[in-house]
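Notes follow once the structure below has been shown.
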Amino acid sequence: MTGTKLQTTLKSKGFWLGNIVYIVIVLTFIVFAIINPKFVSGDNIIGFFTQSCTTILVGIGMAMCLLTRGVDLSVGSIMYVSAVSVWLIMRAAPDLPIGAVVLIGMLIGLMIGLFNGFVVAVLKVYALLPTMATMYALRGIGLSIAGQTVCQMPDKWLGLISPNVAKIPAYVFITFALVIIAQIFLNRTRLGRHIFATGDNEKMAGEKNISVFRIKLFVYAVSGVMAALAGILSSGLSMSASFNLGVGFEFKVVTAAVLGGVSLNGGRGTILPGVIVGALILTFISNALVLMKANTYSYDIVYALVIFIVVLLDTFKIRSEEK
Amino acid sequence: MKKATKVAVSMLCVLAIVLLAACGAPAAPASSSAAAPASSAAAPASSAAAPAEKIKIGVSMGASQSTFCQGLQDGATKKIEALGGEYVLSLADNDPTRQASQIEDMVSKGCKAVICFAADTDAITASAKYCKDKGVAFIEASRISPDMTNIDLALGFDNKQQATICGEAIVAGAKEVGYSEIKCIEFVGSLTDQNAIERQKYFEEFAAANNIKIVATVLTEWDAEKAVARYKDAITAVNDDYNAMYCASDFLFTPIMSVLTEKGQWVKKGEQGWKIIVGIDGAPDALQKIRDGYCYMDANTDVMQLGNAAAEKAFDIITNGTKYEGDKKTVMIDAQSITAANASDPSIWGNNYKA
């Protein structure tokens, strides 16, 4: 960008309004960094990304569902079932390589996602109800598989999270690679454009010979696979698949996606930077509260306040754009 | 017609999914296996062919996120069966509203007493009042409400004693390995759990009186994933400068192991950088970590004994009409210290479960 063009952009009201959420976040980040310099330490910055990975992974799939004007409330339960399944597989076949176990776990997520997609696409039911039913059913199935409340992962499962490149865990790179692939897919492929078109106006998309059935099957399948991967990662991070793994996670992910600009009305939003920004906002709040040694009773209040402010700013931005 | 058919088919599919989940639940817990699925309101009662005159007792588990909860549940249900009674078990998934509804169901099923492990020790008082109004005995197990007005009996562990045992262990551990200054990260539980609140309060009192510097507090909400994330933040906050950890529950030993392993700091006692890790409960995986030398001490809370005692007292109240008043309303069971020296003792409840 040339100097003149940059000046013009910075003077433009549209630039500031269009990026107001990001600007406020950057300003808040700077303020926290001044209050507590540890906030911008290398380890802490790496921590933002490592702690956001599970939210980002599930966010990839959830964003695609939201883009089609759907939602997948079963992601938290898919995380749990996949974590419990890999635990069971490792008990039954302890010599199986980690990669194979992960692939089987993802396959389980894929099957569940296809089931969700089939119900939503074929029966043309709004996704909230069937995915909520799947959410409850999978939690029960997971408990039945587990047979006990906490599944401790074997020591070899640490191999999932321990590889790192320049002190950054390998799973962070994998997560961001998946984000880039997903965003390129949405922007540059025909199927990606059809996803947006379906969310924008499903009826018109159907009239233009876009297979809405295939689109919906696809996005819920992706959601299932990503949730399974996140569950497997979570089980590695905590070395267990506890009863409450993934409980309420669907709301956290929807929040992250919406904070990042993905519209609940479909047809609008990005994974990069959208979902990443949303996930980082949530991690950022949690991190700042611990670093500032805030009173633990204030956590929920602060979360609510920040989310409210970001949504307010985003609404203000959208209304300005409409004018 | 076509639309109506689609709606009908979709409703049938949803119903099928729910039924599938319900059918997947075991009928009653055996040894260490758990529970009813999250979607069900209550699990079916135990023992086949129960005669009509068997005393029915409800066991309401507000949470079941650890082997601790499993031990408590097993202790109560097995004792009820051993005494010739019948139990109705429910799991509330940390949902106070669901627990309240399940307790009402138990009363309508004819339970003469309810043994309750509360999801929320404040919210549960409403259920205690409901039971009292219906003439059903209400016994709290482990998590004790501050308001005991409508509660017939509460059995628990002395949180002050547990916190003190942990504090003493940290001091002893520091002396043993030669740490002149103790910098401790404190892991607290859930803000709705009276046990967690007291364990934090009493540990902080002990720490203040015994030169243990609490450098960071990690709110875990009894969630392993949150514990991992916030622990990492705490490590950054203290510049990795700490040498002890106090865990309000030893289920946190595993997430701690995960974080320290990632940092290459999961080492045994005597090795460079070893941290004094203490906790409360006596769960099997924690005992293993103590035996292996990674963790230092666990304050044993014999949950099976607690569950047994709760069942016995329930029978006593029902059959003998025993009333507990004043100080006698709260019964505390002593904790004991578990170190590498006695971690293999078979009498420790955690050694009855698989790690």
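Ordering of the structure tokens sets the chain letters (A, B, ...); residue numbers start at 1 within each chain; ligands are numbered from 1 in the order shown.
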Please return, as a PDB file with N, CA and C atoms, in the first residue's frame, all residues of chain A lying within 7 Å of chain B when only C-alpha atoms are considered.
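Output (iface34.pdb):
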ATOM      1  N   LYS A  38       4.090  -8.797  31.718  1.00  0.00           N
ATOM      2  CA  LYS A  38       4.133 -10.254  31.481  1.00  0.00           C
ATOM      3  C   LYS A  38       3.118 -10.661  30.420  1.00  0.00           C
ATOM      4  N   ASP A  43       6.194 -16.438  26.410  1.00  0.00           N
ATOM      5  CA  ASP A  43       5.437 -17.597  26.917  1.00  0.00           C
ATOM      6  C   ASP A  43       3.938 -17.309  26.960  1.00  0.00           C
ATOM      7  N   ASN A  44       3.588 -16.096  27.339  1.00  0.00           N
ATOM      8  CA  ASN A  44       2.172 -15.765  27.452  1.00  0.00           C
ATOM      9  C   ASN A  44       1.504 -15.694  26.082  1.00  0.00           C
ATOM     10  N   GLN A  51      -3.952 -22.259  24.199  1.00  0.00           N
ATOM     11  CA  GLN A  51      -5.232 -22.392  24.909  1.00  0.00           C
ATOM     12  C   GLN A  51      -6.428 -22.176  23.994  1.00  0.00           C
ATOM     13  N   LEU A 123     -34.464 -34.138   6.373  1.00  0.00           N
ATOM     14  CA  LEU A 123     -35.741 -33.846   7.015  1.00  0.00           C
ATOM     15  C   LEU A 123     -36.052 -32.353   7.013  1.00  0.00           C
ATOM     16  N   PRO A 130     -32.410 -31.261  16.222  1.00  0.00           N
ATOM     17  CA  PRO A 130     -31.724 -32.550  16.104  1.00  0.00           C
ATOM     18  C   PRO A 130     -30.323 -32.558  16.692  1.00  0.00           C
ATOM     19  N   ALA A 133     -30.634 -32.933  20.378  1.00  0.00           N
ATOM     20  CA  ALA A 133     -30.946 -34.328  20.709  1.00  0.00           C
ATOM     21  C   ALA A 133     -29.680 -35.178  20.640  1.00  0.00           C
ATOM     22  N   THR A 134     -28.884 -34.962  19.603  1.00  0.00           N
ATOM     23  CA  THR A 134     -27.616 -35.692  19.472  1.00  0.00           C
ATOM     24  C   THR A 134     -26.696 -35.360  20.639  1.00  0.00           C
ATOM     25  N   TYR A 136     -27.465 -34.686  23.743  1.00  0.00           N
ATOM     26  CA  TYR A 136     -27.843 -35.476  24.928  1.00  0.00           C
ATOM     27  C   TYR A 136     -27.540 -36.957  24.723  1.00  0.00           C
ATOM     28  N   ALA A 137     -27.879 -37.448  23.534  1.00  0.00           N
ATOM     29  CA  ALA A 137     -27.693 -38.870  23.265  1.00  0.00           C
ATOM     30  C   ALA A 137     -26.218 -39.263  23.347  1.00  0.00           C
ATOM     31  N   ARG A 139     -23.801 -37.801  24.945  1.00  0.00           N
ATOM     32  CA  ARG A 139     -23.282 -37.734  26.323  1.00  0.00           C
ATOM     33  C   ARG A 139     -23.601 -39.036  27.042  1.00  0.00           C
ATOM     34  N   GLY A 140     -24.829 -39.505  26.846  1.00  0.00           N
ATOM     35  CA  GLY A 140     -25.217 -40.765  27.463  1.00  0.00           C
ATOM     36  C   GLY A 140     -24.430 -41.943  26.909  1.00  0.00           C
ATOM     37  N   ILE A 141     -24.243 -41.940  25.590  1.00  0.00           N
ATOM     38  CA  ILE A 141     -23.482 -43.029  24.954  1.00  0.00           C
ATOM     39  C   ILE A 141     -22.035 -43.009  25.464  1.00  0.00           C
ATOM     40  N   LEU A 143     -20.926 -41.934  28.329  1.00  0.00           N
ATOM     41  CA  LEU A 143     -20.877 -42.450  29.708  1.00  0.00           C
ATOM     42  C   LEU A 143     -20.977 -43.969  29.718  1.00  0.00           C
ATOM     43  N   SER A 144     -21.802 -44.496  28.845  1.00  0.00           N
ATOM     44  CA  SER A 144     -21.947 -45.955  28.766  1.00  0.00           C
ATOM     45  C   SER A 144     -20.641 -46.592  28.316  1.00  0.00           C
ATOM     46  N   GLY A 147     -18.041 -46.275  31.241  1.00  0.00           N
ATOM     47  CA  GLY A 147     -18.267 -47.204  32.348  1.00  0.00           C
ATOM     48  C   GLY A 147     -17.771 -46.662  33.680  1.00  0.00           C
ATOM     49  N   GLN A 148     -17.126 -45.533  33.679  1.00  0.00           N
ATOM     50  CA  GLN A 148     -16.676 -44.890  34.918  1.00  0.00           C
ATOM     51  C   GLN A 148     -16.606 -43.415  34.608  1.00  0.00           C
ATOM     52  N   THR A 149     -16.409 -42.591  35.600  1.00  0.00           N
ATOM     53  CA  THR A 149     -16.576 -41.164  35.377  1.00  0.00           C
ATOM     54  C   THR A 149     -15.353 -40.454  34.822  1.00  0.00           C
ATOM     55  N   VAL A 150     -14.169 -40.888  35.183  1.00  0.00           N
ATOM     56  CA  VAL A 150     -12.970 -40.234  34.660  1.00  0.00           C
ATOM     57  C   VAL A 150     -12.089 -41.267  33.974  1.00  0.00           C
ATOM     58  N   SER A 162       3.320 -33.319  23.167  1.00  0.00           N
ATOM     59  CA  SER A 162       4.693 -32.921  23.490  1.00  0.00           C
ATOM     60  C   SER A 162       5.555 -32.437  22.313  1.00  0.00           C
ATOM     61  N   SER A 234      -8.027 -32.128  23.573  1.00  0.00           N
ATOM     62  CA  SER A 234      -8.364 -31.803  24.959  1.00  0.00           C
ATOM     63  C   SER A 234      -7.988 -32.938  25.899  1.00  0.00           C
ATOM     64  N   LEU A 237      -4.344 -32.687  26.450  1.00  0.00           N
ATOM     65  CA  LEU A 237      -3.942 -31.549  27.288  1.00  0.00           C
ATOM     66  C   LEU A 237      -4.209 -31.823  28.765  1.00  0.00           C
ATOM     67  N   SER A 238      -5.334 -32.480  29.051  1.00  0.00           N
ATOM     68  CA  SER A 238      -5.666 -32.740  30.460  1.00  0.00           C
ATOM     69  C   SER A 238      -5.379 -34.180  30.862  1.00  0.00           C
ATOM     70  N   MET A 239      -4.921 -34.976  29.886  1.00  0.00           N
ATOM     71  CA  MET A 239      -4.588 -36.392  30.114  1.00  0.00           C
ATOM     72  C   MET A 239      -5.744 -37.174  30.716  1.00  0.00           C
ATOM     73  N   SER A 242     -12.756 -36.538  31.146  1.00  0.00           N
ATOM     74  CA  SER A 242     -13.648 -36.513  32.308  1.00  0.00           C
ATOM     75  C   SER A 242     -15.090 -36.344  31.870  1.00  0.00           C
ATOM     76  N   PHE A 243     -15.960 -36.665  32.766  1.00  0.00           N
ATOM     77  CA  PHE A 243     -17.396 -36.656  32.520  1.00  0.00           C
ATOM     78  C   PHE A 243     -17.877 -35.330  31.923  1.00  0.00           C
ATOM     79  N   ASN A 244     -17.268 -34.233  32.363  1.00  0.00           N
ATOM     80  CA  ASN A 244     -17.760 -32.928  31.908  1.00  0.00           C
ATOM     81  C   ASN A 244     -16.929 -32.334  30.771  1.00  0.00           C
ATOM     82  N   ASN A 287      -6.954 -15.172  30.416  1.00  0.00           N
ATOM     83  CA  ASN A 287      -5.538 -14.973  30.692  1.00  0.00           C
ATOM     84  C   ASN A 287      -5.305 -13.698  31.505  1.00  0.00           C
ATOM     85  N   VAL A 290      -6.313 -13.993  35.184  1.00  0.00           N
ATOM     86  CA  VAL A 290      -5.364 -14.736  36.027  1.00  0.00           C
ATOM     87  C   VAL A 290      -4.106 -13.906  36.259  1.00  0.00           C
ATOM     88  N   LEU A 291      -3.615 -13.272  35.208  1.00  0.00           N
ATOM     89  CA  LEU A 291      -2.383 -12.489  35.351  1.00  0.00           C
ATOM     90  C   LEU A 291      -2.569 -11.322  36.306  1.00  0.00           C
ATOM     91  N   THR A 296     -11.636 -14.238  41.953  1.00  0.00           N
ATOM     92  CA  THR A 296     -12.227 -15.314  41.156  1.00  0.00           C
ATOM     93  C   THR A 296     -13.737 -15.142  40.986  1.00  0.00           C
TER      94      THR A 296
END
>> One number please: CA of Asp74 (chain B) to CA of Val278 (chain B), in Å, one decimal.
In response: 25.4 Å
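Going from CA of Thr198 (chain A) over to CA of Met62 (chain A), you cover 15.2 Å.
CA of Ile139 (chain B) is positioned 8.9 Å from CA of Phe117 (chain B).
Residues in contact with Leu88 (chain A) at up to 12 Å, not including ones fewer than 6 positions away on its chain and judged by only C-alpha atoms, are Val81, Ser82, Pro94, Leu96, Val101, Ile104, Gly105, Gly142, Leu143, Ser144, Ile145, Ala146, Gly147, Gln148, Cys151, Gln152, Met153, Pro154, Ser240 and Ala241 of chain A.
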For those residues, write N, CA and C atoms to a file as a PDB file, in the first residue's frame.
ATOM      1  N   VAL A  81     -17.313 -37.934  23.356  1.00  0.00           N
ATOM      2  CA  VAL A  81     -17.383 -39.293  22.804  1.00  0.00           C
ATOM      3  C   VAL A  81     -16.081 -39.678  22.105  1.00  0.00           C
ATOM      4  N   SER A  82     -15.513 -38.739  21.375  1.00  0.00           N
ATOM      5  CA  SER A  82     -14.266 -39.064  20.666  1.00  0.00           C
ATOM      6  C   SER A  82     -13.133 -39.290  21.668  1.00  0.00           C
ATOM      7  N   PRO A  94      -3.220 -51.345  23.025  1.00  0.00           N
ATOM      8  CA  PRO A  94      -2.205 -50.396  23.509  1.00  0.00           C
ATOM      9  C   PRO A  94      -1.031 -50.190  22.548  1.00  0.00           C
ATOM     10  N   LEU A  96      -1.274 -49.805  19.308  1.00  0.00           N
ATOM     11  CA  LEU A  96      -1.666 -49.049  18.108  1.00  0.00           C
ATOM     12  C   LEU A  96      -0.979 -47.683  18.116  1.00  0.00           C
ATOM     13  N   VAL A 101      -4.842 -44.025  16.161  1.00  0.00           N
ATOM     14  CA  VAL A 101      -5.899 -43.785  17.157  1.00  0.00           C
ATOM     15  C   VAL A 101      -6.603 -42.467  16.857  1.00  0.00           C
ATOM     16  N   ILE A 104      -8.923 -42.825  13.890  1.00  0.00           N
ATOM     17  CA  ILE A 104     -10.162 -43.539  14.239  1.00  0.00           C
ATOM     18  C   ILE A 104     -11.103 -42.592  14.974  1.00  0.00           C
ATOM     19  N   GLY A 105     -10.545 -41.807  15.876  1.00  0.00           N
ATOM     20  CA  GLY A 105     -11.357 -40.830  16.607  1.00  0.00           C
ATOM     21  C   GLY A 105     -12.015 -39.839  15.665  1.00  0.00           C
ATOM     22  N   GLY A 142     -21.496 -41.809  25.574  1.00  0.00           N
ATOM     23  CA  GLY A 142     -20.116 -41.674  26.071  1.00  0.00           C
ATOM     24  C   GLY A 142     -19.960 -42.241  27.471  1.00  0.00           C
ATOM     25  N   LEU A 143     -20.926 -41.934  28.329  1.00  0.00           N
ATOM     26  CA  LEU A 143     -20.877 -42.450  29.708  1.00  0.00           C
ATOM     27  C   LEU A 143     -20.977 -43.969  29.718  1.00  0.00           C
ATOM     28  N   SER A 144     -21.802 -44.496  28.845  1.00  0.00           N
ATOM     29  CA  SER A 144     -21.947 -45.955  28.766  1.00  0.00           C
ATOM     30  C   SER A 144     -20.641 -46.592  28.316  1.00  0.00           C
ATOM     31  N   ILE A 145     -19.993 -45.962  27.348  1.00  0.00           N
ATOM     32  CA  ILE A 145     -18.714 -46.503  26.863  1.00  0.00           C
ATOM     33  C   ILE A 145     -17.676 -46.421  27.985  1.00  0.00           C
ATOM     34  N   ALA A 146     -17.658 -45.284  28.661  1.00  0.00           N
ATOM     35  CA  ALA A 146     -16.647 -45.059  29.692  1.00  0.00           C
ATOM     36  C   ALA A 146     -16.813 -46.037  30.852  1.00  0.00           C
ATOM     37  N   GLY A 147     -18.041 -46.275  31.241  1.00  0.00           N
ATOM     38  CA  GLY A 147     -18.267 -47.204  32.348  1.00  0.00           C
ATOM     39  C   GLY A 147     -17.771 -46.662  33.680  1.00  0.00           C
ATOM     40  N   GLN A 148     -17.126 -45.533  33.679  1.00  0.00           N
ATOM     41  CA  GLN A 148     -16.676 -44.890  34.918  1.00  0.00           C
ATOM     42  C   GLN A 148     -16.606 -43.415  34.608  1.00  0.00           C
ATOM     43  N   CYS A 151     -11.780 -41.018  32.710  1.00  0.00           N
ATOM     44  CA  CYS A 151     -10.923 -41.941  31.959  1.00  0.00           C
ATOM     45  C   CYS A 151      -9.519 -41.336  31.905  1.00  0.00           C
ATOM     46  N   GLN A 152      -8.605 -41.973  32.554  1.00  0.00           N
ATOM     47  CA  GLN A 152      -7.232 -41.471  32.550  1.00  0.00           C
ATOM     48  C   GLN A 152      -6.522 -41.981  31.307  1.00  0.00           C
ATOM     49  N   MET A 153      -5.885 -41.080  30.604  1.00  0.00           N
ATOM     50  CA  MET A 153      -5.170 -41.485  29.394  1.00  0.00           C
ATOM     51  C   MET A 153      -3.837 -42.131  29.775  1.00  0.00           C
ATOM     52  N   PRO A 154      -3.373 -43.094  28.979  1.00  0.00           N
ATOM     53  CA  PRO A 154      -2.067 -43.699  29.281  1.00  0.00           C
ATOM     54  C   PRO A 154      -0.947 -42.701  28.999  1.00  0.00           C
ATOM     55  N   SER A 240      -6.938 -36.755  30.362  1.00  0.00           N
ATOM     56  CA  SER A 240      -8.116 -37.474  30.848  1.00  0.00           C
ATOM     57  C   SER A 240      -9.311 -37.110  29.982  1.00  0.00           C
ATOM     58  N   ALA A 241     -10.307 -37.977  30.049  1.00  0.00           N
ATOM     59  CA  ALA A 241     -11.585 -37.676  29.392  1.00  0.00           C
ATOM     60  C   ALA A 241     -12.616 -37.685  30.506  1.00  0.00           C
TER      61      ALA A 241
END
>> Can you pull out every residue from region 80-162 of chain B that DSSP, working from the backbone, puts in strand (DSSP E), and format the result as a list in words?
In response: Glu86, Tyr87, Val88, Leu89, Ser90, Leu91, Ala113, Val114, Ile115, Cys116, Phe117, Ala137, Phe138, Ile139, Glu140, Ala141, Leu153, Ala154, Leu155, Gly156 and Phe157 of chain B
>> I'd like the neighbourhood of Ile210 (chain A) as a VMD selection string, where a residue qualifies if any of its atoms comes within 12 Å (using only C-alpha atoms), though same-chain residues fewer than 6 positions away should be ignored.
In response: chain A and resid 190 to 199 201 to 204 216
Take the residues that were just selected and, keeping N, CA and C atoms, output them as a short mmCIF file (atom, residue, chain, number, x, y, z; two decimals), in the first residue's frame.
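Generated output (result02.cif):
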data_model
loop_
_atom_site.label_atom_id
_atom_site.label_comp_id
_atom_site.auth_asym_id
_atom_site.auth_seq_id
_atom_site.Cartn_x
_atom_site.Cartn_y
_atom_site.Cartn_z
N ARG A 190 -15.63 -23.82 -5.38
CA ARG A 190 -17.04 -23.68 -5.75
C ARG A 190 -17.91 -24.10 -4.57
N LEU A 191 -17.51 -25.18 -3.92
CA LEU A 191 -18.28 -25.67 -2.76
C LEU A 191 -18.30 -24.62 -1.66
N GLY A 192 -17.17 -23.94 -1.50
CA GLY A 192 -17.10 -22.88 -0.49
C GLY A 192 -18.07 -21.75 -0.81
N ARG A 193 -18.12 -21.35 -2.06
CA ARG A 193 -19.04 -20.26 -2.45
C ARG A 193 -20.49 -20.73 -2.31
N HIS A 194 -20.70 -21.99 -2.56
CA HIS A 194 -22.06 -22.52 -2.42
C HIS A 194 -22.51 -22.51 -0.96
N ILE A 195 -21.57 -22.69 -0.05
CA ILE A 195 -21.89 -22.64 1.39
C ILE A 195 -22.43 -21.26 1.74
N PHE A 196 -21.74 -20.24 1.25
CA PHE A 196 -22.21 -18.87 1.50
C PHE A 196 -23.58 -18.64 0.87
N ALA A 197 -23.71 -19.13 -0.35
CA ALA A 197 -24.97 -18.93 -1.09
C ALA A 197 -26.13 -19.61 -0.37
N THR A 198 -25.89 -20.78 0.17
CA THR A 198 -26.94 -21.52 0.88
C THR A 198 -27.39 -20.74 2.12
N GLY A 199 -26.44 -20.17 2.81
CA GLY A 199 -26.78 -19.41 4.01
C GLY A 199 -27.47 -18.09 3.68
N ASN A 201 -29.38 -17.37 0.94
CA ASN A 201 -30.76 -17.60 0.53
C ASN A 201 -30.87 -19.03 0.02
N GLU A 202 -31.36 -19.88 0.88
CA GLU A 202 -31.35 -21.32 0.57
C GLU A 202 -32.24 -21.64 -0.63
N LYS A 203 -33.35 -20.95 -0.66
CA LYS A 203 -34.31 -21.23 -1.74
C LYS A 203 -33.70 -20.86 -3.10
N MET A 204 -33.08 -19.70 -3.13
CA MET A 204 -32.50 -19.25 -4.39
C MET A 204 -31.31 -20.14 -4.77
N LYS A 216 -25.16 -29.20 3.21
CA LYS A 216 -25.45 -29.38 4.64
C LYS A 216 -24.78 -30.64 5.18
#
> If you run DSSP on the backbone, which residues of region 160-318 of chain A are alpha helix (DSSP H), as a PyMOL selection string?
Replying inline: chain A and resi 170-188+190-200+202-207+212-238+249-259+276-291+299-318
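Near Val222 (chain A), within 7 Å and counting only C-alpha atoms, sit A:Gly61, A:Gly113, A:Phe218, A:Val219, A:Val225, A:Met226, not including residues fewer than 3 positions from it in the same chain.
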Selected residues written out, N, CA and C atoms, as a CSV table (one decimal), in the first residue's frame:
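So selection07.csv came out as:
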chain,number,residue,atom,x,y,z
A,61,GLY,N,-15.6,-25.8,12.2
A,61,GLY,CA,-16.8,-26.5,11.8
A,61,GLY,C,-18.1,-25.8,12.1
A,113,GLY,N,-21.1,-36.5,12.5
A,113,GLY,CA,-21.4,-35.3,11.7
A,113,GLY,C,-22.3,-35.6,10.5
A,218,PHE,N,-22.1,-31.8,4.1
A,218,PHE,CA,-20.7,-31.5,4.2
A,218,PHE,C,-20.3,-30.7,5.4
A,219,VAL,N,-21.1,-29.6,5.7
A,219,VAL,CA,-20.7,-28.8,6.8
A,219,VAL,C,-20.8,-29.5,8.1
A,225,VAL,N,-15.9,-33.8,12.5
A,225,VAL,CA,-14.5,-34.2,12.5
A,225,VAL,C,-13.7,-33.2,13.3
A,226,MET,N,-14.0,-31.9,13.2
A,226,MET,CA,-13.2,-30.9,13.9
A,226,MET,C,-13.5,-31.0,15.4
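Neighbours of Val331 (chain B) closer than or equal to 12 Å, with only C-alpha atoms counted and sequence neighbours fewer than 6 positions away skipped, come out as Ile139, Glu140, Ala141, Ser142, Arg143, Ile144, Asp152, Leu153, Ala154, Leu155, Gly156, Phe157, Asp158, Leu306, Ala309, Ala310, Lys313, Tyr324 and Glu325 of chain B.
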Got time to write the residues from that selection, C-alpha atoms, as a short mmCIF file (atom, residue, chain, number, x, y, z; two decimals), in the first residue's frame?
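Full text of again-v6.cif as output:
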data_model
loop_
_atom_site.label_atom_id
_atom_site.label_comp_id
_atom_site.auth_asym_id
_atom_site.auth_seq_id
_atom_site.Cartn_x
_atom_site.Cartn_y
_atom_site.Cartn_z
CA ILE B 139 -29.05 -36.36 54.62
CA GLU B 140 -26.19 -34.44 53.10
CA ALA B 141 -23.00 -36.26 52.20
CA SER B 142 -19.66 -34.54 51.83
CA ARG B 143 -20.90 -31.16 50.60
CA ILE B 144 -22.55 -29.50 53.58
CA ASP B 152 -31.74 -33.89 59.19
CA LEU B 153 -28.08 -34.85 59.19
CA ALA B 154 -24.90 -33.92 57.38
CA LEU B 155 -21.84 -36.11 57.10
CA GLY B 156 -18.65 -34.73 55.77
CA PHE B 157 -14.95 -34.36 56.03
CA ASP B 158 -13.34 -31.72 58.13
CA LEU B 306 -18.83 -41.74 54.32
CA ALA B 309 -22.26 -44.05 57.26
CA ALA B 310 -24.83 -41.99 55.36
CA LYS B 313 -27.84 -43.11 59.47
CA TYR B 324 -30.21 -35.14 65.34
CA GLU B 325 -30.11 -31.65 66.78
#
> Nearest to Asn159 (chain B) among B:Asn195, B:Ser249, B:Thr330, B:Gln102, with distances taken over only C-alpha atoms: which residue is it?
Replying inline: B:Asn195
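Residue nearest Pro96 (chain B), chosen from B:Thr121, B:Thr77, B:Ser108, B:Gln194 and counting only C-alpha atoms: B:Thr121.
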